[in-house]
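*Asks:* This is the content of upload.txt (compact mmCIF, C-alpha atoms):
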# COMPACT_ATOMS: atom_id res chain seq x y z
CA MET R 1 68.37 -69.36 -46.35
CA LEU R 2 69.65 -65.86 -45.80
CA PRO R 3 70.57 -64.75 -42.27
CA VAL R 4 67.87 -62.48 -40.90
CA GLY R 5 68.63 -62.24 -37.17
CA PHE R 6 69.32 -58.95 -35.41
CA PHE R 7 73.10 -59.45 -35.34
CA ASP R 8 73.19 -60.48 -38.99
CA LYS R 9 71.29 -57.32 -39.87
CA ALA R 10 73.55 -55.23 -37.70
CA LYS R 11 76.62 -56.76 -39.36
CA ALA R 12 75.23 -55.92 -42.74
CA VAL R 13 74.42 -52.39 -41.67
CA PHE R 14 77.77 -51.73 -40.07
CA GLY R 15 79.82 -53.42 -42.79
CA LEU R 16 81.11 -56.27 -40.66
CA GLN R 17 80.32 -59.10 -43.05
CA LYS R 18 83.06 -60.92 -44.93
CA ASP R 19 82.20 -59.17 -48.15
CA ALA R 20 82.14 -55.78 -46.55
CA HIS R 21 85.40 -54.83 -48.21
CA ALA R 22 83.96 -55.59 -51.63
CA ALA R 23 80.88 -53.57 -50.80
CA LYS R 24 83.08 -50.60 -49.93
CA SER R 25 84.30 -50.41 -53.49
CA GLY R 26 80.79 -49.60 -54.75
CA PRO R 27 79.59 -46.06 -55.32
CA ALA R 28 79.28 -43.93 -52.21
CA PRO R 29 75.73 -42.80 -51.49
CA ARG R 30 74.95 -39.31 -52.80
CA GLY R 31 78.14 -37.43 -52.37
CA GLU R 32 79.33 -39.22 -49.23
CA ARG R 33 82.99 -40.22 -49.37
CA THR R 34 83.71 -41.25 -45.81
CA ASP R 35 87.07 -42.81 -46.70
CA ALA R 36 88.37 -39.59 -48.17
CA ARG R 37 86.70 -37.37 -45.61
CA LYS R 38 89.05 -34.88 -44.04
CA ASN R 39 88.46 -33.40 -40.66
CA LYS R 40 90.15 -30.17 -39.72
CA ALA R 41 89.92 -31.02 -36.03
CA GLY R 42 91.77 -34.28 -36.64
CA ARG R 43 88.69 -36.28 -35.73
CA PRO R 44 88.80 -39.89 -36.91
CA PRO R 45 86.38 -40.60 -39.75
CA LEU R 46 83.06 -42.16 -38.93
CA PRO R 47 82.79 -45.92 -39.35
CA GLU R 48 82.10 -47.00 -42.88
CA VAL R 49 78.72 -48.43 -43.60
CA SER R 50 77.77 -50.93 -46.24
CA GLY R 51 74.25 -52.12 -46.95
CA ALA R 52 73.26 -48.47 -46.67
CA ALA R 53 70.41 -48.85 -49.10
CA SER R 54 68.60 -51.12 -46.68
CA ALA R 55 69.38 -49.10 -43.54
CA THR R 56 66.63 -47.06 -41.96
CA ILE R 57 66.11 -44.48 -39.24
CA GLU R 58 65.10 -47.41 -37.05
CA ASP R 59 68.68 -48.72 -37.40
CA VAL R 60 69.96 -45.31 -36.32
CA LEU R 61 67.77 -45.32 -33.23
CA THR R 62 68.75 -48.90 -32.41
CA ALA R 63 72.44 -48.00 -32.63
CA ARG R 64 71.97 -44.95 -30.41
CA ALA R 65 69.99 -46.98 -27.88
CA ALA R 66 72.94 -49.37 -27.75
CA GLY R 67 75.31 -46.46 -27.13
CA SER R 68 76.90 -46.72 -30.58
CA PHE R 69 76.69 -43.04 -31.45
CA ASP R 70 79.42 -43.07 -34.11
CA GLU R 71 77.78 -45.97 -35.91
CA ALA R 72 74.46 -44.14 -35.72
CA ARG R 73 76.06 -41.08 -37.32
CA ALA R 74 77.61 -43.21 -40.02
CA ILE R 75 74.24 -44.72 -40.89
CA LEU R 76 72.69 -41.25 -40.99
CA ALA R 77 75.44 -40.05 -43.32
CA ALA R 78 74.78 -43.01 -45.60
CA ILE R 79 71.00 -42.72 -45.76
CA ASP R 80 70.74 -38.92 -45.78
CA LYS R 81 69.20 -37.63 -48.99
CA GLY R 82 69.93 -33.99 -48.28
CA GLN R 83 66.49 -33.08 -46.96
CA GLY R 84 63.86 -34.01 -44.42
CA LEU R 85 64.08 -35.75 -41.09
CA ARG R 86 67.25 -37.70 -41.88
CA THR R 87 69.18 -34.53 -42.56
CA VAL R 88 67.81 -32.97 -39.40
CA LEU R 89 68.86 -35.94 -37.30
CA ARG R 90 72.25 -36.08 -39.00
CA ALA R 91 72.85 -32.44 -38.17
CA ALA R 92 71.59 -32.88 -34.60
CA ALA R 93 73.89 -35.86 -34.13
CA ALA R 94 76.81 -33.85 -35.48
CA LEU R 95 76.02 -31.05 -33.06
CA GLU R 96 75.83 -33.54 -30.23
CA ALA R 97 79.27 -34.85 -31.22
CA HIS R 98 80.67 -31.29 -31.48
CA ASP R 99 81.48 -31.93 -35.14
CA GLU R 100 81.27 -28.27 -36.15
CA GLU R 101 82.45 -28.93 -39.68
CA GLU R 102 79.52 -31.23 -40.42
CA VAL R 103 77.05 -28.98 -38.59
CA THR R 104 78.13 -26.03 -40.72
CA LYS R 105 77.71 -28.12 -43.85
CA LEU R 106 74.22 -29.32 -42.92
CA LEU R 107 72.69 -26.19 -41.39
CA PRO R 108 71.71 -24.63 -44.73
CA LEU R 109 69.86 -27.82 -45.65
CA VAL R 110 67.97 -27.84 -42.34
CA LYS R 111 67.10 -24.17 -42.82
CA LYS R 112 65.54 -25.05 -46.17
CA ASP R 113 63.37 -27.80 -44.66
CA SER R 114 59.76 -27.19 -45.66
CA PRO R 115 57.26 -26.50 -44.27
CA ALA R 116 59.42 -24.79 -41.65
CA TRP R 117 56.72 -24.87 -38.96
CA GLN R 118 56.39 -28.64 -39.08
CA LEU R 119 59.77 -29.55 -37.60
CA ARG R 120 59.35 -27.06 -34.77
CA LEU R 121 55.96 -28.51 -33.88
CA GLN R 122 57.20 -32.08 -34.15
CA VAL R 123 60.00 -31.24 -31.74
CA ALA R 124 57.57 -29.41 -29.45
CA ALA R 125 55.32 -32.48 -29.48
CA ALA R 126 58.28 -34.60 -28.43
CA LEU R 127 58.99 -32.35 -25.43
CA ASP R 128 57.30 -32.19 -22.05
CA ALA R 129 55.25 -29.08 -21.27
CA GLY R 130 57.36 -26.08 -20.35
CA PRO R 131 58.85 -22.85 -21.64
CA GLY R 132 60.98 -24.62 -24.26
CA ARG R 133 57.96 -26.27 -25.76
CA ASP R 134 55.94 -23.03 -25.66
CA GLU R 135 58.71 -21.14 -27.41
CA LEU R 136 58.88 -23.68 -30.23
CA VAL R 137 55.11 -23.46 -30.70
CA GLN R 138 55.34 -19.67 -30.91
CA ARG R 139 58.08 -19.95 -33.51
CA ALA R 140 55.99 -22.44 -35.49
CA VAL R 141 52.97 -20.12 -35.42
CA LYS R 142 55.11 -17.25 -36.69
CA LEU R 143 56.26 -19.52 -39.50
CA GLY R 144 52.66 -20.19 -40.54
CA ALA R 145 51.66 -23.32 -38.62
CA PRO R 146 48.01 -24.04 -39.50
CA GLY R 147 45.37 -24.07 -36.78
CA TRP R 148 44.97 -27.83 -36.83
CA SER R 149 48.64 -28.44 -36.12
CA VAL R 150 48.66 -26.20 -33.05
CA ALA R 151 45.37 -27.70 -31.87
CA TRP R 152 46.86 -31.18 -32.22
CA LEU R 153 49.80 -30.21 -30.07
CA ARG R 154 47.48 -28.82 -27.39
CA ALA R 155 45.49 -32.05 -27.53
CA LEU R 156 48.65 -33.95 -26.63
CA SER R 157 49.26 -31.86 -23.52
CA SER R 158 49.70 -33.70 -20.23
CA ASP R 159 47.35 -31.15 -18.63
CA GLY R 160 43.77 -32.45 -18.82
CA ASP R 161 42.08 -29.08 -19.37
CA GLU R 162 44.59 -28.11 -22.04
CA GLN R 163 44.22 -31.49 -23.72
CA ARG R 164 40.43 -31.18 -23.83
CA ALA R 165 40.57 -27.61 -25.17
CA GLY R 166 43.04 -28.75 -27.84
CA LEU R 167 40.81 -31.64 -28.83
CA VAL R 168 37.84 -29.28 -29.16
CA ASP R 169 39.91 -26.88 -31.29
CA LEU R 170 40.98 -29.82 -33.44
CA LEU R 171 37.38 -30.98 -33.86
CA PHE R 172 36.44 -27.57 -35.25
CA GLU R 173 39.61 -27.19 -37.34
CA ASP R 174 39.80 -30.71 -38.76
CA ALA R 175 37.25 -33.21 -37.48
CA ALA R 176 38.77 -36.21 -39.30
CA LEU R 177 42.16 -35.57 -37.72
CA ALA R 178 40.55 -34.99 -34.32
CA ARG R 179 38.97 -38.46 -34.46
CA THR R 180 42.28 -40.01 -35.47
CA VAL R 181 44.24 -38.26 -32.71
CA ALA R 182 41.59 -39.11 -30.10
CA SER R 183 41.67 -42.74 -31.16
CA ARG R 184 45.41 -43.21 -31.60
CA ASP R 185 47.00 -40.78 -29.17
CA LEU R 186 44.45 -40.29 -26.44
CA GLY R 187 43.01 -43.77 -26.05
CA PHE R 188 39.33 -43.04 -26.71
CA VAL R 189 38.13 -46.56 -27.48
CA ASP R 190 34.73 -45.59 -28.90
CA ILE R 191 36.20 -43.20 -31.47
CA LYS R 192 37.39 -44.52 -34.83
CA ALA R 193 40.46 -43.18 -36.61
CA ASP R 194 39.40 -41.52 -39.85
CA ASN R 195 40.99 -42.87 -43.03
CA ASP R 196 40.95 -39.41 -44.58
CA ALA R 197 43.33 -38.14 -41.91
CA ILE R 198 45.61 -41.12 -41.32
CA ARG R 199 48.22 -40.07 -43.89
CA ARG R 200 48.62 -36.61 -42.35
CA TYR R 201 48.56 -38.12 -38.89
CA ALA R 202 51.26 -40.65 -39.77
CA ALA R 203 53.56 -38.06 -41.35
CA PHE R 204 53.45 -35.78 -38.33
CA ALA R 205 53.40 -38.47 -35.65
CA HIS R 206 56.32 -40.37 -37.21
CA GLY R 207 58.54 -37.31 -37.01
CA ARG R 208 57.47 -36.61 -33.44
CA ASP R 209 58.09 -40.19 -32.31
CA VAL R 210 61.48 -40.45 -34.02
CA ILE R 211 62.63 -37.14 -32.55
CA ARG R 212 61.50 -38.23 -29.09
CA ARG R 213 63.47 -41.49 -29.35
CA PHE R 214 66.47 -39.77 -30.86
CA GLY R 215 66.56 -37.22 -28.05
CA ALA R 216 64.52 -34.08 -28.59
CA SER R 217 66.99 -31.90 -26.69
CA HIS R 218 69.59 -32.38 -29.44
CA VAL R 219 67.13 -31.28 -32.11
CA VAL R 220 66.11 -28.31 -29.93
CA ALA R 221 69.77 -27.29 -29.78
CA LEU R 222 70.00 -27.62 -33.55
CA LEU R 223 66.91 -25.45 -34.05
CA GLY R 224 68.50 -22.89 -31.76
CA ARG R 225 71.31 -22.66 -34.29
CA VAL R 226 68.94 -22.66 -37.27
CA ASP R 227 66.71 -19.92 -35.87
CA ALA R 228 69.52 -17.80 -34.46
CA PRO R 229 69.63 -14.35 -36.08
CA SER R 230 72.37 -13.96 -38.65
CA PRO R 231 75.39 -12.01 -37.38
CA MET A 1 16.72 -48.10 -49.90
CA SER A 2 15.90 -44.92 -51.81
CA ARG A 3 18.58 -42.46 -52.82
CA PRO A 4 18.46 -39.20 -50.89
CA LEU A 5 17.27 -36.03 -52.60
CA LEU A 6 19.23 -32.79 -52.69
CA ALA A 7 17.54 -29.91 -50.89
CA LEU A 8 18.34 -26.21 -51.16
CA TYR A 9 18.36 -23.89 -48.15
CA ARG A 10 18.90 -20.20 -47.54
CA LEU A 11 21.87 -20.02 -45.18
CA ASP A 12 22.29 -17.44 -42.43
CA ARG A 13 26.05 -17.65 -42.04
CA THR A 14 26.14 -15.34 -39.04
CA LYS A 15 23.69 -17.48 -37.10
CA LEU A 16 25.51 -20.69 -38.00
CA HIS A 17 28.81 -19.15 -36.94
CA GLU A 18 27.29 -18.03 -33.63
CA LEU A 19 25.97 -21.51 -32.91
CA SER A 20 29.29 -23.07 -33.83
CA ALA A 21 31.24 -20.64 -31.62
CA LYS A 22 28.88 -21.23 -28.69
CA LEU A 23 29.17 -25.00 -28.98
CA ARG A 24 32.95 -24.75 -29.23
CA GLU A 25 33.17 -22.64 -26.10
CA LEU A 26 30.90 -24.97 -24.10
CA LEU A 27 32.79 -28.07 -25.23
CA ALA A 28 36.12 -26.49 -24.30
CA ARG A 29 34.73 -25.71 -20.83
CA ASP A 30 33.03 -29.11 -20.75
CA ASP A 31 29.87 -27.44 -19.50
CA ARG A 32 27.55 -30.38 -20.10
CA ALA A 33 24.44 -28.83 -18.60
CA ALA A 34 24.76 -25.85 -20.94
CA ILE A 35 25.44 -28.15 -23.92
CA ALA A 36 22.36 -30.20 -23.09
CA ALA A 37 20.33 -26.97 -22.89
CA LEU A 38 21.76 -25.64 -26.16
CA LEU A 39 20.88 -28.86 -27.98
CA GLY A 40 17.51 -29.22 -26.27
CA LEU A 41 18.38 -32.69 -24.99
CA GLY A 42 15.91 -34.64 -22.89
CA GLU A 43 16.81 -36.25 -19.58
CA GLU A 44 18.10 -39.51 -21.05
CA LEU A 45 20.37 -37.87 -23.63
CA ALA A 46 21.64 -35.35 -21.07
CA ARG A 47 22.53 -38.31 -18.84
CA ARG A 48 24.54 -39.88 -21.68
CA LEU A 49 26.45 -36.66 -22.07
CA SER A 50 27.26 -36.48 -18.38
CA ALA A 51 28.43 -40.11 -18.33
CA GLU A 52 31.27 -39.36 -20.74
CA ARG A 53 34.82 -38.49 -19.70
CA TRP A 54 34.37 -35.28 -21.67
CA ALA A 55 31.43 -34.12 -23.79
CA VAL A 56 33.75 -33.71 -26.77
CA GLY A 57 34.44 -37.45 -26.62
CA LEU A 58 30.84 -38.12 -27.55
CA MET A 59 31.00 -35.58 -30.38
CA LEU A 60 33.96 -37.41 -31.91
CA ARG A 61 32.15 -40.73 -32.15
CA PRO A 62 30.94 -42.06 -35.51
CA ASP A 63 27.70 -40.69 -36.89
CA GLU A 64 26.05 -44.08 -36.53
CA ASP A 65 27.17 -44.66 -32.93
CA PRO A 66 24.02 -45.54 -30.97
CA GLN A 67 25.03 -43.39 -27.97
CA ALA A 68 25.94 -40.34 -30.03
CA SER A 69 23.56 -40.58 -32.99
CA PRO A 70 20.52 -38.96 -31.29
CA ILE A 71 22.73 -36.16 -29.98
CA PHE A 72 24.06 -35.47 -33.50
CA ALA A 73 20.45 -35.42 -34.72
CA SER A 74 19.59 -32.84 -32.05
CA LEU A 75 22.61 -30.75 -32.99
CA ARG A 76 21.67 -30.78 -36.68
CA ARG A 77 18.08 -29.92 -35.79
CA VAL A 78 19.22 -26.94 -33.72
CA ALA A 79 21.59 -25.79 -36.48
CA LYS A 80 18.87 -26.11 -39.07
CA ARG A 81 16.36 -24.19 -37.00
CA ALA A 82 18.85 -21.43 -36.22
CA SER A 83 20.43 -20.85 -39.58
CA LEU A 84 18.66 -22.58 -42.47
CA GLU A 85 15.46 -21.87 -44.30
CA HIS A 86 14.20 -24.54 -46.67
CA VAL A 87 13.81 -23.28 -50.25
CA TRP A 88 13.36 -26.31 -52.46
CA THR A 89 13.87 -30.08 -52.68
CA SER A 90 14.62 -31.87 -55.92
CA GLU A 91 12.21 -34.56 -57.06
CA SER A 92 14.99 -36.39 -58.86
CA PRO A 93 17.57 -38.66 -57.21
CA ALA A 94 19.67 -38.16 -60.36
CA LEU A 95 20.34 -34.48 -59.70
CA GLU A 96 23.63 -34.89 -57.83
CA GLY A 97 25.03 -37.16 -60.53
CA ARG A 98 24.00 -34.69 -63.22
CA LEU A 99 25.64 -31.81 -61.39
CA ARG A 100 28.86 -33.71 -60.82
CA ALA A 101 29.22 -35.41 -64.17
CA TYR A 102 27.01 -33.97 -66.94
CA ASP A 103 29.39 -33.13 -69.76
CA VAL A 104 27.73 -29.85 -70.78
CA LEU A 105 28.32 -28.53 -67.24
CA ARG A 106 31.79 -30.02 -66.87
CA GLU A 107 33.01 -28.40 -70.09
CA GLU A 108 32.48 -24.95 -68.54
CA SER A 109 35.26 -24.73 -65.96
CA ASP A 110 33.80 -21.81 -64.01
CA ILE A 111 30.48 -23.60 -63.67
CA ALA A 112 32.13 -26.90 -62.77
CA ASP A 113 34.28 -25.21 -60.11
CA ALA A 114 31.29 -23.45 -58.53
CA ILE A 115 29.23 -26.65 -58.50
CA ASP A 116 32.10 -28.56 -56.91
CA ARG A 117 32.31 -25.93 -54.16
CA LEU A 118 28.57 -26.08 -53.65
CA LEU A 119 28.83 -29.86 -53.22
CA ASP A 120 31.99 -29.87 -51.09
CA ALA A 121 30.98 -31.08 -47.63
CA ALA A 122 34.43 -30.25 -46.25
CA ARG A 123 33.38 -26.58 -46.34
CA LEU A 124 30.57 -27.24 -43.86
CA PRO A 125 30.97 -27.28 -40.07
CA TRP A 126 31.76 -30.78 -38.83
CA PHE A 127 28.28 -31.25 -37.37
CA LEU A 128 26.64 -30.75 -40.77
CA GLN A 129 28.90 -33.28 -42.48
CA ARG A 130 27.46 -36.78 -42.73
CA PRO A 131 29.21 -39.94 -43.92
CA GLY A 132 28.17 -40.65 -47.49
CA GLY A 133 26.11 -37.47 -47.57
CA THR A 134 26.37 -34.50 -49.88
CA GLY A 135 26.39 -30.90 -48.77
CA GLY A 136 28.07 -27.57 -49.25
CA TRP A 137 27.38 -23.87 -49.62
CA LEU A 138 27.97 -20.84 -51.84
CA GLY A 139 27.98 -17.16 -50.94
CA ASN A 140 25.31 -14.93 -52.43
CA ASP A 141 27.46 -13.48 -55.27
CA HIS A 142 28.72 -16.87 -56.39
CA ARG A 143 25.21 -18.33 -56.17
CA GLU A 144 23.83 -15.61 -58.44
CA THR A 145 26.66 -16.00 -60.92
CA LEU A 146 26.31 -19.77 -61.02
CA ALA A 147 22.55 -19.59 -61.53
CA LYS A 148 22.95 -17.09 -64.42
CA ARG A 149 25.68 -19.10 -66.11
CA MET A 150 23.69 -22.35 -65.83
CA GLU A 151 20.59 -20.60 -67.11
CA GLN A 152 22.48 -19.72 -70.30
CA LEU A 153 22.97 -23.46 -70.89
CA GLY A 154 19.31 -24.21 -70.14
CA PRO A 155 18.25 -25.79 -73.45
CA ALA A 156 21.13 -28.26 -73.24
CA LEU A 157 20.45 -29.31 -69.66
CA PRO A 158 18.16 -32.08 -68.33
CA ASP A 159 14.90 -31.13 -66.64
CA GLU A 160 16.10 -31.93 -63.10
CA VAL A 161 19.07 -29.57 -63.54
CA ASN A 162 16.90 -26.80 -64.92
CA ALA A 163 14.57 -27.14 -61.93
CA PHE A 164 17.60 -26.72 -59.68
CA VAL A 165 18.76 -23.65 -61.63
CA GLU A 166 15.33 -22.10 -61.30
CA ALA A 167 15.35 -22.61 -57.53
CA LEU A 168 18.95 -21.42 -57.17
CA GLY A 169 18.31 -18.26 -59.17
CA GLY A 170 14.95 -17.61 -57.54
CA MET A 171 16.21 -17.45 -53.96
CA ASP A 172 18.22 -14.70 -52.32
CA GLY A 173 21.20 -14.81 -49.97
CA ASP A 174 23.75 -17.57 -49.41
CA ALA A 175 22.80 -21.06 -50.54
CA LEU A 176 23.36 -24.39 -48.81
CA VAL A 177 22.57 -27.74 -50.35
CA HIS A 178 22.31 -30.98 -48.41
CA ASP A 179 20.75 -34.38 -48.86
CA ARG A 180 20.55 -35.50 -45.24
CA LEU A 181 19.34 -32.75 -42.98
Could you express the structure from this file as structure tokens?

*Replies:*
Amino acid sequence: MLPVGFFDKAKAVFGLQKDAHAAKSGPAPRGERTDARKNKAGRPPLPEVSGAASATIEDVLTARAAGSFDEARAILAAIDKGQGLRTVLRAAAALEAHDEEEVTKLLPLVKKDSPAWQLRLQVAAALDAGPGRDELVQRAVKLGAPGWSVAWLRALSSDGDEQRAGLVDLLFEDAALARTVASRDLGFVDIKADNDAIRRYAAFAHGRDVIRRFGASHVVALLGRVDAPSP
Amino acid sequence: MSRPLLALYRLDRTKLHELSAKLRELLARDDRAAIAALLGLGEELARRLSAERWAVGLMLRPDEDPQASPIFASLRRVAKRASLEHVWTSESPALEGRLRAYDVLREESDIADAIDRLLDAARLPWFLQRPGGTGGWLGNDHRETLAKRMEQLGPALPDEVNAFVEALGGMDGDALVHDRL
């Protein structure tokens, strides 16, 4: 029987199994060559990761929760496909680690992330109410965020009046999504999530939840770099 | 259980928009007394509304929810009275199937597109959408164009479709079709 416990999985992810050396000789995932990676600042290379194909963002979050930030970055480097949430988190982690070389490399990919409004709203949804959150929403609106997405964010507010107004907006913008958000996010037990909206709900909510667990402030800092005017 | 019949209405978009905006404002303020008055609710239904955490919570319940169902019926009745004028009801339960699938209609892409928009419930306000129901609307210009184009195909169309074309072309203004109002 194959080992399936947490530590066995972690060993596989972090390349600590006996055959890890053999695994290292396989092809590096999509342009990553951590063994040959040079760092102008003299920074030691990130830990090597085998079993990358089976690693997930959940493994990244688990490593970070355990305080293993370098391992988390190594997993991100291995599973990054050059777009989407993984690239965003990889860049945010690099920024957190003051790895300017990697940040510079990844920023253009984060800038290309589409639709641009979505990431800003996901980050805003992961933040508590305040000026930082409001500013991200304004940026998302300028980038074309649809009415339902802004209404959803309002519906998640910790302020009761704001939450109700957002839920009403969502009902009139996208009733199926409003039912799903009310059921899943706001705890209305008599309201049923709508199957038509669950896919959209899951895509947005997954990003929000991952960013919250990762540490939204790091992604906010990254977006500050992304949205900064060009010199 | 008999299959519902498609009915055709003249739609007053301005009136429907006004009702929708009013309801939205009252729900956002959670002014339950005003919502009850707008929907013409009796004492018992008004009490149900006031027992909720928020009125919008009741509006998000399923169409068949026993607490909410009579309130949805009142809302549809008010919307119908304010913005719809009945023009015609088909005698044939087969009409929707003919419109959606009859090959002579489907081969004409402009006609097929217009019919699909006319039968697209997602274009209606949430309170006129019903699970399993059919509904949708077309603006006056598109209604006239669709009626003329379908009329040209008349000899090749079944009787129930030709009856629909006659009603669609014979009315004026924006058109709304629905099978459960």

*Asks:* Could you please select, counting all atoms listed in the file, the residues of chain A within 8 Å of chain R and state them as a PDB file with C-alpha atoms, keeping the file's coordinate frame?

*Replies:*
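Okay, iface-v1.pdb is ready:
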ATOM      1  CA  ARG A  24      32.950 -24.750 -29.230  1.00  0.00           C
ATOM      2  CA  LEU A  27      32.790 -28.070 -25.230  1.00  0.00           C
ATOM      3  CA  ALA A  28      36.120 -26.490 -24.300  1.00  0.00           C
ATOM      4  CA  ARG A  29      34.730 -25.710 -20.830  1.00  0.00           C
ATOM      5  CA  TRP A  54      34.370 -35.280 -21.670  1.00  0.00           C
ATOM      6  CA  VAL A  56      33.750 -33.710 -26.770  1.00  0.00           C
ATOM      7  CA  GLY A  57      34.440 -37.450 -26.620  1.00  0.00           C
ATOM      8  CA  LEU A  60      33.960 -37.410 -31.910  1.00  0.00           C
ATOM      9  CA  ARG A  61      32.150 -40.730 -32.150  1.00  0.00           C
ATOM     10  CA  PRO A  62      30.940 -42.060 -35.510  1.00  0.00           C
ATOM     11  CA  PRO A 125      30.970 -27.280 -40.070  1.00  0.00           C
ATOM     12  CA  TRP A 126      31.760 -30.780 -38.830  1.00  0.00           C
TER      13      TRP A 126
END

*Asks:* With only C-alpha atoms as the counted atoms, please give the residues lying no more than 9 Å from Leu107 (chain R), apart from itself and same-chain residues fewer than 3 positions off, as a compact mmCIF listing (two decimals) with C-alpha atoms, in the coordinates of the input.

*Replies:*
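Writing done, so here's selection.txt:
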# COMPACT_ATOMS: atom_id res chain seq x y z
CA VAL R 88 67.81 -32.97 -39.40
CA ALA R 91 72.85 -32.44 -38.17
CA GLU R 102 79.52 -31.23 -40.42
CA VAL R 103 77.05 -28.98 -38.59
CA THR R 104 78.13 -26.03 -40.72
CA VAL R 110 67.97 -27.84 -42.34
CA LYS R 111 67.10 -24.17 -42.82
CA LYS R 112 65.54 -25.05 -46.17
CA LEU R 222 70.00 -27.62 -33.55
CA ARG R 225 71.31 -22.66 -34.29
CA VAL R 226 68.94 -22.66 -37.27

*Asks:* R:Leu119, R:Leu127, R:Leu106, R:Leu89: which is nearest Arg139 (chain R), counting only C-alpha atoms?

*Replies:*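 Once distances to Arg139 (chain R) are computed over only C-alpha atoms, the minimum belongs to R:Leu119.
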
*Asks:* So how far away is CA of Leu6 (chain A) from CA of Ser90 (chain A), in Å?

*Replies:*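 If I compute the distance from CA of Ser90 (chain A) to CA of Leu6 (chain A), I get 5.7 Å.
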
*Asks:* Do a neighbour search on region 155-166 of chain A at 9 Å with only C-alpha atoms, toss out local chain neighbours closer than 5 positions, and write the hits as a list in words.

*Replies:* Leu8, Trp88, Thr89, Ser90, Glu91, Ser92, Ala94, Leu95, Arg98, Leu99, Tyr102, Val104, Leu105, Leu146, Ala147, Lys148, Met150 and Met171 of chain A

*Asks:* Do you have the CA of His178 (chain A)-CA of Leu38 (chain A) distance handy?

*Replies:*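 One can read the CA of His178 (chain A) to CA of Leu38 (chain A) distance as 22.9 Å.
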
*Asks:* When distances are computed from all atoms listed in the file, which of A:Glu43, A:Asp179, A:Asp113, A:Asp63 shows the smallest separation from Arg100 (chain A)?

*Replies:*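 The closest residue to Arg100 (chain A) is A:Asp113.
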
*Asks:* Between A:Glu64, A:Pro4, A:Leu39, A:Ile115, which residue has the minimum interatomic distance to Leu26 (chain A), considering only C-alpha atoms?

*Replies:* A:Leu39

*Asks:* I need the residue nearest Thr56 (chain R) from this list: R:Val210, R:Asp227, R:Ala97, R:Phe204. Use all atoms listed in the file for the distance.

*Replies:*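 Checking each candidate against Thr56 (chain R), we get R:Val210 as the closest.
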
*Asks:* Calculate how many Å separate CA of Val150 (chain R) from CA of Ala228 (chain R), rounding to one decimal.

*Replies:* 22.5 Å

*Asks:* Give as a VMD selection string each residue that has an atom at most 8 Å from (14.8, -38.3, -27.7) in the file, counting all atoms listed in the file.

*Replies:* chain A and resid 41 to 42 44 to 45 70

*Asks:* Here is a test: counting only C-alpha atoms, which residue of A:Ala7, A:Ala112, A:Leu75, A:Val177 is nearest to Phe127 (chain A)?

*Replies:* A:Leu75

*Asks:* Missing atoms in region 148-159 of chain R need filling: write out N, CA and C atoms for it as a JSON list (two decimals), in the frame of the given file.

*Replies:*
[["chain", "number", "residue", "atom", "x", "y", "z"],
["R", 148, "TRP", "N", 45.11, -26.44, -37.25],
["R", 148, "TRP", "CA", 44.97, -27.83, -36.83],
["R", 148, "TRP", "C", 46.24, -28.37, -36.18],
["R", 149, "SER", "N", 47.39, -27.89, -36.65],
["R", 149, "SER", "CA", 48.64, -28.44, -36.12],
["R", 149, "SER", "C", 48.86, -27.97, -34.68],
["R", 150, "VAL", "N", 48.52, -26.72, -34.41],
["R", 150, "VAL", "CA", 48.66, -26.20, -33.05],
["R", 150, "VAL", "C", 47.63, -26.85, -32.13],
["R", 151, "ALA", "N", 46.42, -27.04, -32.66],
["R", 151, "ALA", "CA", 45.37, -27.70, -31.87],
["R", 151, "ALA", "C", 45.79, -29.13, -31.51],
["R", 152, "TRP", "N", 46.40, -29.81, -32.46],
["R", 152, "TRP", "CA", 46.86, -31.18, -32.22],
["R", 152, "TRP", "C", 47.87, -31.19, -31.07],
["R", 153, "LEU", "N", 48.78, -30.26, -31.12],
["R", 153, "LEU", "CA", 49.80, -30.21, -30.07],
["R", 153, "LEU", "C", 49.16, -29.98, -28.70],
["R", 154, "ARG", "N", 48.18, -29.06, -28.66],
["R", 154, "ARG", "CA", 47.48, -28.82, -27.39],
["R", 154, "ARG", "C", 46.77, -30.10, -26.93],
["R", 155, "ALA", "N", 46.22, -30.83, -27.88],
["R", 155, "ALA", "CA", 45.49, -32.05, -27.53],
["R", 155, "ALA", "C", 46.41, -33.11, -26.94],
["R", 156, "LEU", "N", 47.69, -32.98, -27.18],
["R", 156, "LEU", "CA", 48.65, -33.95, -26.63],
["R", 156, "LEU", "C", 49.23, -33.50, -25.30],
["R", 157, "SER", "N", 48.74, -32.38, -24.78],
["R", 157, "SER", "CA", 49.26, -31.86, -23.52],
["R", 157, "SER", "C", 49.02, -32.86, -22.38],
["R", 158, "SER", "N", 49.89, -32.83, -21.40],
["R", 158, "SER", "CA", 49.70, -33.70, -20.23],
["R", 158, "SER", "C", 48.68, -33.08, -19.26],
["R", 159, "ASP", "N", 48.36, -31.82, -19.45],
["R", 159, "ASP", "CA", 47.35, -31.15, -18.63],
["R", 159, "ASP", "C", 45.96, -31.46, -19.19]]
